[in-house]
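The file query_35.txt contains compact mmCIF, C-alpha atoms:
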# COMPACT_ATOMS: atom_id res chain seq x y z
CA MET A 1 94.07 256.82 -0.60
CA THR A 2 96.92 259.19 0.06
CA GLU A 3 98.88 259.20 3.28
CA ALA A 4 97.36 262.57 4.24
CA MET A 5 93.85 261.24 3.63
CA GLN A 6 94.69 258.15 5.69
CA ARG A 7 95.83 260.32 8.63
CA ARG A 8 92.70 262.50 8.43
CA MET A 9 90.52 259.39 8.33
CA GLU A 10 92.29 257.89 11.36
CA SER A 11 92.00 261.20 13.21
CA ALA A 12 88.28 261.40 12.45
CA MET A 13 87.76 257.79 13.57
CA ASN A 14 89.66 258.46 16.80
CA THR A 15 87.51 261.53 17.45
CA VAL A 16 84.32 259.53 16.93
CA ALA A 17 85.63 256.77 19.22
CA ARG A 18 86.51 259.27 21.97
CA HIS A 19 83.04 260.85 21.79
CA ALA A 20 81.35 257.44 21.84
CA ASP A 21 83.42 256.40 24.85
CA LYS A 22 82.60 259.65 26.65
CA ASP A 23 78.88 259.19 25.96
CA ALA A 24 78.99 255.56 27.14
CA ARG A 25 80.76 256.52 30.37
CA LYS A 26 78.24 259.31 30.95
CA ASP A 27 75.34 256.89 30.42
CA ASP A 28 76.94 254.31 32.74
CA LYS A 29 77.27 256.97 35.44
CA THR A 30 73.64 258.03 34.97
CA GLN A 31 72.46 254.43 35.32
CA ARG A 32 74.64 253.81 38.42
CA GLU A 33 73.18 256.93 40.01
CA ALA A 34 69.63 255.82 39.13
CA ARG A 35 70.21 252.40 40.74
CA ALA A 36 71.72 254.06 43.80
CA ALA A 37 68.64 256.29 44.08
CA PHE A 38 66.40 253.23 44.07
CA ALA A 39 68.57 251.54 46.69
CA ALA A 40 68.58 254.65 48.88
CA THR A 41 64.78 254.80 48.77
CA LEU A 42 64.09 251.10 49.29
CA ASP A 43 63.96 251.09 53.11
CA VAL A 44 61.60 254.08 53.21
CA TRP A 45 59.36 252.38 50.64
CA ILE A 46 59.36 249.12 52.61
CA ASP A 47 58.49 251.02 55.82
CA CYS A 48 55.59 252.70 54.04
CA ILE A 49 54.26 249.40 52.73
CA MET A 50 54.64 247.81 56.18
CA GLU A 51 52.35 250.49 57.55
CA GLU A 52 49.81 250.51 54.74
CA ASN A 53 49.80 246.93 53.46
CA PRO A 54 51.99 244.64 55.59
CA GLU A 55 50.89 241.44 53.84
CA LYS A 56 52.53 242.71 50.64
CA ILE A 57 56.02 242.76 52.19
CA GLU A 58 56.46 239.00 51.87
CA ASP A 59 55.42 239.17 48.21
CA ILE A 60 57.94 241.93 47.55
CA PHE A 61 60.81 240.04 49.16
CA PHE A 62 59.70 236.83 47.44
CA GLU A 63 59.58 238.40 43.98
CA PHE A 64 62.88 240.25 44.26
CA ALA A 65 64.72 237.26 45.69
CA CYS A 66 63.34 234.78 43.16
CA PHE A 67 64.86 236.77 40.31
CA ALA A 68 68.14 237.59 42.05
CA THR A 69 71.36 235.70 41.64
CA ALA A 70 72.06 233.21 44.43
CA THR A 71 74.58 235.60 45.98
CA ASN A 72 72.23 238.56 45.90
CA ARG A 73 69.33 236.41 47.14
CA ASN A 74 71.38 235.43 50.19
CA ARG A 75 72.20 239.08 50.79
CA MET A 76 68.55 240.12 50.42
CA LEU A 77 67.42 237.52 52.92
CA LYS A 78 69.70 239.14 55.52
CA HIS A 79 67.73 242.40 55.28
CA ALA A 80 66.35 243.40 58.67
CA GLN A 81 62.77 243.49 57.37
CA THR A 82 62.78 240.09 55.66
CA PRO A 83 59.60 238.29 56.71
CA LYS A 84 59.98 234.96 58.47
CA GLY A 85 59.31 231.99 56.23
CA VAL A 86 59.87 233.81 52.94
CA ALA A 87 63.14 231.94 52.40
CA ASN A 88 61.24 228.63 52.41
CA ARG A 89 58.72 230.00 49.92
CA ILE A 90 61.55 231.23 47.67
CA GLU A 91 63.34 227.88 47.84
CA ALA A 92 60.13 226.03 46.93
CA GLN A 93 59.59 228.32 43.93
CA LEU A 94 63.16 227.89 42.73
CA GLU A 95 62.85 224.10 43.03
CA LEU A 96 59.60 224.22 41.04
CA TRP A 97 61.23 226.28 38.28
CA LYS A 98 64.20 223.91 38.25
CA ALA A 99 61.91 220.88 37.92
CA GLU A 100 59.92 222.57 35.14
CA ASP A 101 63.14 223.46 33.31
CA GLU A 102 64.43 219.90 33.61
CA ALA A 103 61.10 218.50 32.37
CA GLU A 104 61.18 220.87 29.38
CA ARG A 105 64.74 219.85 28.53
CA ALA A 106 63.85 216.16 28.86
CA ALA A 107 60.81 216.63 26.61
CA ALA A 108 62.91 218.49 24.05
CA ALA A 109 65.56 215.75 24.11
CA GLU A 110 62.85 213.11 23.75
CA ALA A 111 61.31 214.97 20.82
CA GLU A 112 64.70 215.30 19.18
CA LEU A 113 65.40 211.58 19.61
CA SER A 114 62.02 210.47 18.34
CA GLY A 115 62.17 212.93 15.44
CA GLY A 116 65.63 211.71 14.54
CA ASP A 117 64.45 208.09 14.28
CA HIS A 118 62.06 208.93 11.44
CA LYS A 119 64.53 210.77 9.23
CA GLY A 120 65.79 207.64 7.52
CA GLU A 121 62.32 206.31 6.64
Just give me the structure as structure tokens.
Amino acid sequence: MTEAMQRRMESAMNTVARHADKDARKDDKTQREARAAFAATLDVWIDCIMEENPEKIEDIFFEFACFATATNRNRMLKHAQTPKGVANRIEAQLELWKAEDEAERAAAAEAELSGGDHKGE
């Protein structure tokens, strides 16, 4: 490859990289704006559900908080419309999932150990 061809190739690669970066930044901005739109509408949606189907509010808070990080869960539970007692329900669910996960890991370790014993036979 000649030096001129090398320069043209590098220039073309740089152009592609710039366009890819621009597209990625544009997509990131679009997604940030979409999440912000959801967040801006959340309180209105919760108010509407409180009026039409108040028993569903606890389920909504429960489901969102169960899948949130610990930090975000703590933040969510400070929301003014958080139903009383939902934190206890969330904690019980998280403990159940933790116990199930530990039982699965123990069963997998047990299976690995018992399977390993038979390899030499």
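Near Glu91 of chain A, within 12 Å and counting all atoms listed in the file, sit Phe62, Glu63, Ala65, Cys66, Phe67, Ala70, Arg73, Asn74, Leu77, Gly85, Val86, Ala87, Asn88, Arg89, Gln93, Leu94, Glu95, Leu96, Trp97 and Lys98 of chain A, not including residues fewer than 2 positions from it in the same chain.
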All residues 12 Å or closer to segment 46-50 of chain A, all atoms listed in the file, same chain fewer than 2 positions away omitted, as a ChimeraX atom specification: /A:38-44,52-61,79-83
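Atom pair atom CA of Arg75 of chain A / atom CA of Ile90 of chain A has a distance of 13.6 Å (rounded to one decimal).
One finds atom CA of Asn72 of chain A at 22.9 Å from atom CA of Glu100 of chain A.
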